[in-house]
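The structure appears right after this line, and notes come after that.
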Amino acid sequence: MKEFTFCVHYHGKPIKHTHRVDFKVKEYAFLECKAVEKLGNEERQQLWSYMRLSKTRIGILYNFAPIKDQCEKYYLDIDSQRIIAF
């Protein structure tokens with residue numbers, strides 16, 4: 001498998017930057033994998049931005065940490081643009 005790439009449009013025009021996420025499950029979820037000591041705000045903000053830009057409702061952030069794996073799951077409310085942990 002390879003990473004999923006997507007582009008964003010702003011006012012009908014494409015933004016030249018290409019975004020990359022590790023996996024996309026149909027149209028429903030992103031899975032972003034990391035290998036860091038501990039998940040932090042930078043990793044979360046990256047996933048949340050991808051979710052909002054693509055209107056993907058579910059995001060999973062998985063860390064293959066050296067001591068203990070971490071998994072965080074998030075839901076995007078499209079109407080309010082709020083991210084909720086579950």
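Naming works like this for the structure tokens: A, B, ... for the chains as they're shown, residue 1 at the start of each chain, ligands 1 onward in shown order.
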For A:Asp69, find every residue with an atom within 12 Å (counting only C-alpha atoms), except residues of its own chain fewer than 6 positions away, and show them as a count of residues only.
10
Spatial neighbours of A:Phe4, max dist 7 Å, only C-alpha atoms, sep filter under 4 positions, as a PyMOL selection string
chain A and resi 20-24
Neighbours of A:Arg52 within 12 Å (only C-alpha atoms; same-chain residues fewer than 6 positions away dropped), as a PyMOL selection string?
chain A and resi 8+29-30+45-46+58-59+74-83
Calculate how many Å separate atom CA of A:Tyr28 from atom CA of A:Thr56, rounding to one decimal.
5.9 Å
The residue from A:Arg44, A:Arg57, A:Lys13, A:Lys73 with the smallest atom-to-atom distance to A:Lys26, counting only C-alpha atoms, is A:Arg57
Run DSSP on the backbone and give me the residues of chain A it puts in alpha helix (DSSP H), as a PyMOL selection string.
chain A and resi 41-54
May I ask for the distance between atom CA of A:His11 and atom CA of A:Met51, given in Å to one decimal place?
18.5 Å
The residue from A:Gly40, A:Ile60, A:Ala65, A:Phe86 with the smallest atom-to-atom distance to A:Val25, counting only C-alpha atoms, is A:Ile60
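Across the structure, atom CA of A:His19 and atom CA of A:Phe6 are spaced 5.4 Å apart.
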Which one is closest to A:Ala85: A:Trp48, A:Leu53, A:Pro66, A:Glu32? Count only C-alpha atoms.
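For A:Ala85, the nearest of the candidates is A:Trp48.
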